Amino acid sequence: MKTPHPIVIAIDGTSASGKSTNAKLVARALGYVYVDTGAMYRTLAWHCLLKHADVNDAKAVAAACRKWKTKLECAENDGLRSVRLLVDGYFPEKEIRMPQTAAAVAHVAAVPAVRKWMKETQRNCIQFGNLVMEGRDIGTNVFPETDFKFYLDATLAERTARRTADGVNENLAARDQRDSQRAVAPLMIALGAKVINNSSMTSAQTSGWLLEEIRKIMSAPK
Ligand code: DC
């Protein structure tokens, strides 16, 4: 398969496997635009809660997703360019990290019409240039044509410890199960993805490994 131009580096993996930290480090190192697709699902979950749409009702969620007024923008903060999804001109940066939003997001992310909308929107991010995109289905579903596919994982104990250190108390085993078992675009390792278990690695080591693998793929003969 041919790599699309611009380049997309797909980083998928379980919750708290270090996707965000490492995707940002890689984006900074390469000067690419960082895209947090989980934040987009969280934004829809927040929007549904705001509009009193029942997140357990797939039809209500799909209707909210059909109607909401969104815009993609690329913002630069502290030298890192990243994509933001605005709703009615607003980026709900803090709201999407609230426990109510976190509890609602897996329901919203399981709705097929939502996944279709997200895929289209996430593919549109290419308008901003080369991307480092993190999520659960980037290598399998959003950009299956990219040559740059990575899957991060760590033991449940290590991932739980990382969340706890961040002050977040979450049942990661339940979240992993919901993400892996949904019917549409479940979390799984993309064909050809390079897999790493970073349980005993620092983020400097993990991002260093990612950058080395990216350079190898870039310099491999086509
Ligand atoms: O990475 P995160 O915790 O912000 O993700 C929030 C939720 O969205 C999580 O339950 C998985 C889901 N998600 C998804 O289904 N597909 C993606 N590409 C990104 C996130």
# chains A, B, ... in the order shown; residues from 1 in each chain; ligands from 1
>>> residues_around(residues="Trp46 (chain A)", least_positions_apart="2", cutoff="10 Å", atoms="only C-alpha atoms", output="list of chain:residue names")
A:Met40, A:Tyr41, A:Arg42, A:Thr43, A:Leu44, A:Cys48, A:Leu49, A:Leu50, A:Lys51, A:His52, A:Val55, A:Pro92, A:Glu95, A:Ile96, A:Arg97, A:Met98, A:Gln100, A:Thr101, A:Ala102, A:Ala104, A:Val105, A:Val108
>>> closest_atom_pairs(of="chain A", to="ligand 1", cutoff="9 Å", atoms="only C-alpha atoms and all ligand atoms", output="JSON lines")
{"residue": "A:Asp12", "atom": "CA", "partner": "ligand 1", "partner_atom_place_in_ligand_line": "18 (N)", "distance": 7.6}
{"residue": "A:Gly13", "atom": "CA", "partner": "ligand 1", "partner_atom_place_in_ligand_line": "1 (O)", "distance": 8.7}
{"residue": "A:Thr14", "atom": "CA", "partner": "ligand 1", "partner_atom_place_in_ligand_line": "1 (O)", "distance": 8.2}
{"residue": "A:Ser15", "atom": "CA", "partner": "ligand 1", "partner_atom_place_in_ligand_line": "3 (O)", "distance": 5.9}
{"residue": "A:Ala16", "atom": "CA", "partner": "ligand 1", "partner_atom_place_in_ligand_line": "3 (O)", "distance": 7.7}
{"residue": "A:Lys19", "atom": "CA", "partner": "ligand 1", "partner_atom_place_in_ligand_line": "1 (O)", "distance": 7.9}
{"residue": "A:Ser20", "atom": "CA", "partner": "ligand 1", "partner_atom_place_in_ligand_line": "1 (O)", "distance": 7.8}
{"residue": "A:Asp36", "atom": "CA", "partner": "ligand 1", "partner_atom_place_in_ligand_line": "4 (O)", "distance": 7.3}
{"residue": "A:Thr37", "atom": "CA", "partner": "ligand 1", "partner_atom_place_in_ligand_line": "19 (C)", "distance": 4.8}
{"residue": "A:Gly38", "atom": "CA", "partner": "ligand 1", "partner_atom_place_in_ligand_line": "20 (C)", "distance": 3.6}
{"residue": "A:Ala39", "atom": "CA", "partner": "ligand 1", "partner_atom_place_in_ligand_line": "4 (O)", "distance": 5.1}
{"residue": "A:Met40", "atom": "CA", "partner": "ligand 1", "partner_atom_place_in_ligand_line": "19 (C)", "distance": 7.6}
{"residue": "A:Tyr41", "atom": "CA", "partner": "ligand 1", "partner_atom_place_in_ligand_line": "8 (O)", "distance": 5.1}
{"residue": "A:Arg42", "atom": "CA", "partner": "ligand 1", "partner_atom_place_in_ligand_line": "6 (C)", "distance": 5.8}
{"residue": "A:Ile96", "atom": "CA", "partner": "ligand 1", "partner_atom_place_in_ligand_line": "4 (O)", "distance": 8.5}
{"residue": "A:Arg97", "atom": "CA", "partner": "ligand 1", "partner_atom_place_in_ligand_line": "4 (O)", "distance": 8.1}
{"residue": "A:Ala102", "atom": "CA", "partner": "ligand 1", "partner_atom_place_in_ligand_line": "6 (C)", "distance": 7.0}
{"residue": "A:Ala103", "atom": "CA", "partner": "ligand 1", "partner_atom_place_in_ligand_line": "10 (O)", "distance": 8.5}
{"residue": "A:Ala104", "atom": "CA", "partner": "ligand 1", "partner_atom_place_in_ligand_line": "10 (O)", "distance": 8.5}
{"residue": "A:Val105", "atom": "CA", "partner": "ligand 1", "partner_atom_place_in_ligand_line": "7 (C)", "distance": 5.4}
{"residue": "A:Ala106", "atom": "CA", "partner": "ligand 1", "partner_atom_place_in_ligand_line": "10 (O)", "distance": 4.2}
{"residue": "A:His107", "atom": "CA", "partner": "ligand 1", "partner_atom_place_in_ligand_line": "10 (O)", "distance": 8.0}
{"residue": "A:Val108", "atom": "CA", "partner": "ligand 1", "partner_atom_place_in_ligand_line": "8 (O)", "distance": 8.1}
{"residue": "A:Ala109", "atom": "CA", "partner": "ligand 1", "partner_atom_place_in_ligand_line": "15 (O)", "distance": 4.9}
{"residue": "A:Ala110", "atom": "CA", "partner": "ligand 1", "partner_atom_place_in_ligand_line": "15 (O)", "distance": 7.0}
{"residue": "A:Arg115", "atom": "CA", "partner": "ligand 1", "partner_atom_place_in_ligand_line": "15 (O)", "distance": 7.9}
{"residue": "A:Met118", "atom": "CA", "partner": "ligand 1", "partner_atom_place_in_ligand_line": "18 (N)", "distance": 8.3}
{"residue": "A:Lys119", "atom": "CA", "partner": "ligand 1", "partner_atom_place_in_ligand_line": "18 (N)", "distance": 8.5}
{"residue": "A:Gln122", "atom": "CA", "partner": "ligand 1", "partner_atom_place_in_ligand_line": "18 (N)", "distance": 9.0}
{"residue": "A:Met133", "atom": "CA", "partner": "ligand 1", "partner_atom_place_in_ligand_line": "18 (N)", "distance": 8.8}
{"residue": "A:Glu134", "atom": "CA", "partner": "ligand 1", "partner_atom_place_in_ligand_line": "18 (N)", "distance": 6.9}
{"residue": "A:Gly135", "atom": "CA", "partner": "ligand 1", "partner_atom_place_in_ligand_line": "18 (N)", "distance": 3.6}
{"residue": "A:Arg136", "atom": "CA", "partner": "ligand 1", "partner_atom_place_in_ligand_line": "18 (N)", "distance": 4.1}
{"residue": "A:Asp137", "atom": "CA", "partner": "ligand 1", "partner_atom_place_in_ligand_line": "18 (N)", "distance": 4.8}
{"residue": "A:Ile138", "atom": "CA", "partner": "ligand 1", "partner_atom_place_in_ligand_line": "18 (N)", "distance": 5.9}
{"residue": "A:Asn141", "atom": "CA", "partner": "ligand 1", "partner_atom_place_in_ligand_line": "18 (N)", "distance": 8.8}
{"residue": "A:Val142", "atom": "CA", "partner": "ligand 1", "partner_atom_place_in_ligand_line": "18 (N)", "distance": 8.0}
{"residue": "A:Arg175", "atom": "CA", "partner": "ligand 1", "partner_atom_place_in_ligand_line": "10 (O)", "distance": 6.2}
{"residue": "A:Asp176", "atom": "CA", "partner": "ligand 1", "partner_atom_place_in_ligand_line": "10 (O)", "distance": 7.9}
{"residue": "A:Arg178", "atom": "CA", "partner": "ligand 1", "partner_atom_place_in_ligand_line": "10 (O)", "distance": 7.5}
{"residue": "A:Asp179", "atom": "CA", "partner": "ligand 1", "partner_atom_place_in_ligand_line": "11 (C)", "distance": 5.9}
{"residue": "A:Ser180", "atom": "CA", "partner": "ligand 1", "partner_atom_place_in_ligand_line": "15 (O)", "distance": 8.9}
{"residue": "A:Arg182", "atom": "CA", "partner": "ligand 1", "partner_atom_place_in_ligand_line": "15 (O)", "distance": 8.8}
{"residue": "A:Ala185", "atom": "CA", "partner": "ligand 1", "partner_atom_place_in_ligand_line": "15 (O)", "distance": 7.6}
{"residue": "A:Pro186", "atom": "CA", "partner": "ligand 1", "partner_atom_place_in_ligand_line": "15 (O)", "distance": 7.1}
{"residue": "A:Leu187", "atom": "CA", "partner": "ligand 1", "partner_atom_place_in_ligand_line": "15 (O)", "distance": 7.3}
>>> select_by_dssp(residues="region 4-215 of chain A", states="alpha helix (DSSP H)", output="ChimeraX atom specification")
/A:19-30,37-50,58-67,99-109,112-123,156-165,172-181,203-215
>>> atom_distance(atom1="CA of Leu210 (chain A)", atom2="CA of Thr160 (chain A)")
22.8 Å
>>> residues_around(residues="Asn169 (chain A)", least_positions_apart="6", cutoff="10 Å", atoms="only C-alpha atoms", output="PDB file with N, CA and C atoms, in the first residue's frame")
ATOM      1  N   PRO A  99     -15.028  13.785  35.007  1.00  0.00           N
ATOM      2  CA  PRO A  99     -15.461  12.386  35.174  1.00  0.00           C
ATOM      3  C   PRO A  99     -16.788  12.060  34.471  1.00  0.00           C
ATOM      4  N   THR A 160      -2.739   1.303  35.491  1.00  0.00           N
ATOM      5  CA  THR A 160      -3.555   1.793  36.607  1.00  0.00           C
ATOM      6  C   THR A 160      -2.716   2.726  37.488  1.00  0.00           C
ATOM      7  N   ALA A 161      -1.461   2.339  37.724  1.00  0.00           N
ATOM      8  CA  ALA A 161      -0.566   3.183  38.543  1.00  0.00           C
ATOM      9  C   ALA A 161      -0.357   4.541  37.875  1.00  0.00           C
ATOM     10  N   ARG A 163      -2.456   6.149  35.842  1.00  0.00           N
ATOM     11  CA  ARG A 163      -3.684   6.949  35.987  1.00  0.00           C
ATOM     12  C   ARG A 163      -3.808   7.496  37.413  1.00  0.00           C
TER      13      ARG A 163
END
>>> residues_around(residues="region 191-207 of chain A", least_positions_apart="3", cutoff="8 Å", atoms="only C-alpha atoms", output="list of chain:residue names")
A:Ser17, A:Gly18, A:Thr21, A:Asn22, A:Ala23, A:Leu25, A:Val26, A:Gly139, A:Thr140, A:Phe148, A:Lys149, A:Phe150, A:Tyr151, A:Leu152, A:Asp153, A:Ala154, A:Thr155, A:Glu158, A:Arg159, A:Leu210, A:Leu211
>>> write_last_selection(atoms="all heavy atoms", output="short mmCIF file (atom, residue, chain, number, x, y, z; two decimals), in the first residue's frame")
data_model
loop_
_atom_site.label_atom_id
_atom_site.label_comp_id
_atom_site.auth_asym_id
_atom_site.auth_seq_id
_atom_site.Cartn_x
_atom_site.Cartn_y
_atom_site.Cartn_z
N SER A 17 -1.58 3.82 28.06
CA SER A 17 -0.39 3.13 27.56
C SER A 17 0.68 4.13 27.13
O SER A 17 1.71 3.75 26.57
CB SER A 17 -0.75 2.20 26.39
OG SER A 17 -1.33 2.95 25.35
N GLY A 18 0.40 5.42 27.34
CA GLY A 18 1.39 6.46 27.02
C GLY A 18 1.23 7.04 25.63
O GLY A 18 2.14 7.68 25.11
N THR A 21 1.37 11.19 25.68
CA THR A 21 2.72 11.70 26.00
C THR A 21 3.67 11.44 24.84
O THR A 21 4.39 12.34 24.39
CB THR A 21 3.25 10.98 27.27
OG1 THR A 21 2.28 11.15 28.29
CG2 THR A 21 4.59 11.51 27.70
N ASN A 22 3.67 10.21 24.35
CA ASN A 22 4.64 9.86 23.31
C ASN A 22 4.28 10.43 21.95
O ASN A 22 5.16 10.83 21.19
CB ASN A 22 4.81 8.34 23.26
CG ASN A 22 5.53 7.85 24.50
OD1 ASN A 22 6.70 8.18 24.70
ND2 ASN A 22 4.83 7.12 25.35
N ALA A 23 2.99 10.50 21.64
CA ALA A 23 2.58 11.10 20.36
C ALA A 23 3.00 12.58 20.34
O ALA A 23 3.48 13.08 19.32
CB ALA A 23 1.07 10.96 20.17
N LEU A 25 5.54 13.91 22.04
CA LEU A 25 7.01 13.97 21.94
C LEU A 25 7.46 13.73 20.49
O LEU A 25 8.34 14.42 19.98
CB LEU A 25 7.64 12.93 22.87
CG LEU A 25 7.60 13.27 24.37
CD1 LEU A 25 7.99 12.05 25.21
CD2 LEU A 25 8.53 14.43 24.69
N VAL A 26 6.81 12.77 19.84
CA VAL A 26 7.17 12.46 18.45
C VAL A 26 6.78 13.64 17.53
O VAL A 26 7.56 14.04 16.67
CB VAL A 26 6.49 11.14 18.01
CG1 VAL A 26 6.60 10.93 16.51
CG2 VAL A 26 7.10 9.95 18.76
N GLY A 139 -4.73 3.12 12.86
CA GLY A 139 -4.07 2.23 11.90
C GLY A 139 -5.00 1.22 11.26
O GLY A 139 -4.76 0.74 10.16
N THR A 140 -6.09 0.88 11.95
CA THR A 140 -7.00 -0.13 11.42
C THR A 140 -8.10 0.47 10.55
O THR A 140 -8.58 -0.15 9.62
CB THR A 140 -7.71 -0.90 12.56
OG1 THR A 140 -8.31 0.06 13.44
CG2 THR A 140 -6.76 -1.79 13.32
N PHE A 148 3.08 3.92 8.67
CA PHE A 148 3.58 4.22 10.02
C PHE A 148 2.52 3.86 11.06
O PHE A 148 1.69 4.70 11.44
CB PHE A 148 3.94 5.70 10.13
CG PHE A 148 4.98 6.14 9.14
CD1 PHE A 148 4.60 6.59 7.88
CD2 PHE A 148 6.33 6.09 9.46
CE1 PHE A 148 5.55 6.99 6.95
CE2 PHE A 148 7.28 6.49 8.54
CZ PHE A 148 6.90 6.93 7.28
N LYS A 149 2.52 2.60 11.51
CA LYS A 149 1.50 2.14 12.46
C LYS A 149 2.17 1.62 13.72
O LYS A 149 3.05 0.75 13.63
CB LYS A 149 0.66 1.01 11.85
CG LYS A 149 -0.13 1.44 10.65
CD LYS A 149 -0.92 0.27 10.10
CE LYS A 149 -1.50 0.67 8.76
NZ LYS A 149 -2.28 -0.37 8.15
N PHE A 150 1.71 2.11 14.84
CA PHE A 150 2.28 1.68 16.13
C PHE A 150 1.16 1.35 17.09
O PHE A 150 0.08 1.95 17.05
CB PHE A 150 3.17 2.80 16.71
CG PHE A 150 4.34 3.10 15.83
CD1 PHE A 150 4.28 4.12 14.88
CD2 PHE A 150 5.49 2.32 15.89
CE1 PHE A 150 5.35 4.38 14.03
CE2 PHE A 150 6.57 2.57 15.05
CZ PHE A 150 6.50 3.60 14.12
N TYR A 151 1.46 0.38 17.96
CA TYR A 151 0.48 -0.02 18.99
C TYR A 151 1.22 -0.08 20.32
O TYR A 151 2.18 -0.83 20.48
CB TYR A 151 -0.09 -1.40 18.64
CG TYR A 151 -1.22 -1.83 19.56
CD1 TYR A 151 -2.54 -1.59 19.21
CD2 TYR A 151 -0.94 -2.47 20.76
CE1 TYR A 151 -3.58 -1.99 20.06
CE2 TYR A 151 -1.97 -2.86 21.61
CZ TYR A 151 -3.28 -2.61 21.24
OH TYR A 151 -4.30 -2.99 22.08
N LEU A 152 0.78 0.77 21.25
CA LEU A 152 1.41 0.82 22.58
C LEU A 152 0.56 0.06 23.59
O LEU A 152 -0.66 0.11 23.55
CB LEU A 152 1.54 2.27 23.07
CG LEU A 152 2.26 3.29 22.19
CD1 LEU A 152 2.48 4.58 22.98
CD2 LEU A 152 3.58 2.77 21.68
N ASP A 153 1.26 -0.61 24.50
CA ASP A 153 0.55 -1.30 25.58
C ASP A 153 1.46 -1.33 26.82
O ASP A 153 2.66 -1.05 26.72
CB ASP A 153 0.20 -2.74 25.15
CG ASP A 153 -1.00 -3.29 25.92
OD1 ASP A 153 -1.52 -2.60 26.82
OD2 ASP A 153 -1.41 -4.43 25.62
N ALA A 154 0.84 -1.60 27.95
CA ALA A 154 1.59 -1.81 29.20
C ALA A 154 0.70 -2.69 30.06
O ALA A 154 -0.50 -2.83 29.78
CB ALA A 154 1.88 -0.47 29.87
N THR A 155 1.27 -3.25 31.12
CA THR A 155 0.46 -4.13 31.97
C THR A 155 -0.66 -3.31 32.62
O THR A 155 -0.53 -2.09 32.80
CB THR A 155 1.31 -4.76 33.10
OG1 THR A 155 1.83 -3.68 33.89
CG2 THR A 155 2.44 -5.60 32.55
N GLU A 158 0.55 -1.45 35.69
CA GLU A 158 1.34 -0.25 35.38
C GLU A 158 0.43 0.88 34.87
O GLU A 158 0.57 2.04 35.27
CB GLU A 158 2.42 -0.61 34.34
CG GLU A 158 3.20 0.57 33.78
CD GLU A 158 3.95 1.39 34.82
OE1 GLU A 158 4.25 0.87 35.90
OE2 GLU A 158 4.20 2.59 34.54
N ARG A 159 -0.52 0.54 34.03
CA ARG A 159 -1.40 1.58 33.48
C ARG A 159 -2.29 2.17 34.58
O ARG A 159 -2.53 3.37 34.62
CB ARG A 159 -2.24 1.00 32.33
CG ARG A 159 -1.36 0.67 31.12
CD ARG A 159 -2.13 0.22 29.90
NE ARG A 159 -2.79 -1.06 30.06
CZ ARG A 159 -4.10 -1.23 30.00
NH1 ARG A 159 -4.91 -0.22 29.79
NH2 ARG A 159 -4.61 -2.44 30.14
N LEU A 210 10.08 4.93 19.13
CA LEU A 210 9.15 5.30 18.04
C LEU A 210 9.89 6.07 16.94
O LEU A 210 9.76 5.76 15.75
CB LEU A 210 8.01 6.17 18.60
CG LEU A 210 6.93 5.46 19.39
CD1 LEU A 210 6.10 6.45 20.21
CD2 LEU A 210 6.01 4.67 18.47
N LEU A 211 10.71 7.03 17.36
CA LEU A 211 11.42 7.86 16.36
C LEU A 211 12.40 7.03 15.55
O LEU A 211 12.54 7.21 14.33
CB LEU A 211 12.14 9.02 17.07
CG LEU A 211 11.20 10.14 17.53
CD1 LEU A 211 11.90 11.06 18.54
CD2 LEU A 211 10.68 10.96 16.34
#
>>> closest_residue(among="A:Ile189, A:Val83, A:Ala174, A:Val8", to="Asp147 (chain A)", atoms="only C-alpha atoms")
A:Val8
>>> residues_around(residues="Tyr32 (chain A)", least_positions_apart="4", cutoff="7 Å", atoms="only C-alpha atoms", output="number ranges by chain")
A: 27-28, 130-132
>>> select_by_dssp(residues="region 72-212 of chain A", states="strand (DSSP E or B)", output="ChimeraX atom specification")
/A:72-77,80-87,90,131-135,148-153,194-197
>>> closest_residue(among="A:Leu85, A:Ile11, A:Ala165, A:Cys65", to="Asn124 (chain A)", atoms="only C-alpha atoms")
A:Leu85
>>> atom_distance(atom1="CA of Gly167 (chain A)", atom2="CA of Lys24 (chain A)")
20.6 Å
>>> residues_around(residues="Ser82 (chain A)", least_positions_apart="2", cutoff="8 Å", atoms="only C-alpha atoms", output="PyMOL selection string")
chain A and resi 33-35+74-77+80+84
>>> residues_around(residues="Lys67 (chain A)", least_positions_apart="4", cutoff="12 Å", atoms="only C-alpha atoms", output="list in words")
Leu44, His47, Cys48, Lys51, Ala53, Ala60, Val61, Ala62, Ala63, Val87, Asp88, Val114 and Trp117 of chain A
>>> write_last_selection(atoms="all heavy atoms", output="compact mmCIF listing (two decimals), in the first residue's frame")
# COMPACT_ATOMS: atom_id res chain seq x y z
N LEU A 44 -17.79 15.10 21.77
CA LEU A 44 -19.18 14.74 21.46
C LEU A 44 -19.93 14.28 22.72
O LEU A 44 -21.10 14.62 22.91
CB LEU A 44 -19.23 13.67 20.36
CG LEU A 44 -20.65 13.23 19.98
CD1 LEU A 44 -21.48 14.40 19.44
CD2 LEU A 44 -20.62 12.09 18.97
N HIS A 47 -20.86 17.30 24.60
CA HIS A 47 -21.94 18.00 23.88
C HIS A 47 -23.29 17.31 24.13
O HIS A 47 -24.31 17.98 24.35
CB HIS A 47 -21.60 18.03 22.39
CG HIS A 47 -22.64 18.68 21.54
ND1 HIS A 47 -22.82 20.05 21.50
CD2 HIS A 47 -23.56 18.15 20.70
CE1 HIS A 47 -23.81 20.33 20.67
NE2 HIS A 47 -24.28 19.20 20.17
N CYS A 48 -23.30 15.97 24.11
CA CYS A 48 -24.55 15.23 24.36
C CYS A 48 -25.05 15.52 25.78
O CYS A 48 -26.25 15.74 25.99
CB CYS A 48 -24.33 13.72 24.21
SG CYS A 48 -24.14 13.21 22.50
N LYS A 51 -26.56 18.93 25.93
CA LYS A 51 -27.84 19.05 25.21
C LYS A 51 -28.88 18.06 25.75
O LYS A 51 -29.94 17.87 25.14
CB LYS A 51 -27.63 18.78 23.71
CG LYS A 51 -26.73 19.77 23.03
CD LYS A 51 -27.42 21.12 22.86
CE LYS A 51 -26.47 22.19 22.34
NZ LYS A 51 -27.01 23.54 22.38
N ALA A 53 -28.92 14.91 25.64
CA ALA A 53 -29.16 13.74 24.77
C ALA A 53 -28.71 12.52 25.57
O ALA A 53 -27.62 12.52 26.14
CB ALA A 53 -28.35 13.86 23.49
N ALA A 60 -30.32 8.98 19.62
CA ALA A 60 -30.19 10.35 20.13
C ALA A 60 -28.76 10.86 19.94
O ALA A 60 -28.54 12.02 19.56
CB ALA A 60 -30.57 10.38 21.61
N VAL A 61 -27.78 9.98 20.15
CA VAL A 61 -26.38 10.37 19.98
C VAL A 61 -26.10 10.65 18.49
O VAL A 61 -25.47 11.66 18.14
CB VAL A 61 -25.43 9.27 20.52
CG1 VAL A 61 -23.99 9.57 20.17
CG2 VAL A 61 -25.59 9.13 22.04
N ALA A 62 -26.60 9.77 17.63
CA ALA A 62 -26.39 9.97 16.19
C ALA A 62 -27.03 11.28 15.73
O ALA A 62 -26.44 12.02 14.92
CB ALA A 62 -26.97 8.79 15.40
N ALA A 63 -28.20 11.61 16.27
CA ALA A 63 -28.89 12.85 15.90
C ALA A 63 -28.08 14.06 16.37
O ALA A 63 -27.91 15.04 15.62
CB ALA A 63 -30.30 12.88 16.51
N VAL A 87 -16.77 23.35 18.99
CA VAL A 87 -18.23 23.21 18.89
C VAL A 87 -18.82 24.60 19.12
O VAL A 87 -18.55 25.21 20.17
CB VAL A 87 -18.80 22.27 19.98
CG1 VAL A 87 -20.26 21.95 19.67
CG2 VAL A 87 -17.98 21.01 20.10
N ASP A 88 -19.58 25.06 18.15
CA ASP A 88 -20.10 26.43 18.20
C ASP A 88 -18.96 27.41 18.55
O ASP A 88 -19.13 28.31 19.37
CB ASP A 88 -21.24 26.56 19.23
CG ASP A 88 -22.45 25.74 18.81
OD1 ASP A 88 -22.75 25.70 17.60
OD2 ASP A 88 -23.08 25.11 19.69
N VAL A 114 -21.53 7.77 14.60
CA VAL A 114 -20.50 8.63 15.21
C VAL A 114 -19.13 8.25 14.65
O VAL A 114 -18.33 9.11 14.27
CB VAL A 114 -20.51 8.50 16.75
CG1 VAL A 114 -19.28 9.15 17.37
CG2 VAL A 114 -21.79 9.10 17.33
N TRP A 117 -18.68 9.61 11.19
CA TRP A 117 -18.44 11.07 11.22
C TRP A 117 -17.01 11.35 11.67
O TRP A 117 -16.31 12.19 11.10
CB TRP A 117 -19.44 11.73 12.17
CG TRP A 117 -19.41 13.22 12.14
CD1 TRP A 117 -20.18 14.05 11.37
CD2 TRP A 117 -18.53 14.09 12.90
NE1 TRP A 117 -19.83 15.36 11.61
CE2 TRP A 117 -18.83 15.41 12.54
CE3 TRP A 117 -17.53 13.85 13.85
CZ2 TRP A 117 -18.17 16.50 13.10
CZ3 TRP A 117 -16.86 14.95 14.39
CH2 TRP A 117 -17.19 16.25 14.02
>>> atom_distance(atom1="CA of Thr146 (chain A)", atom2="CA of Lys222 (chain A)")
13.3 Å
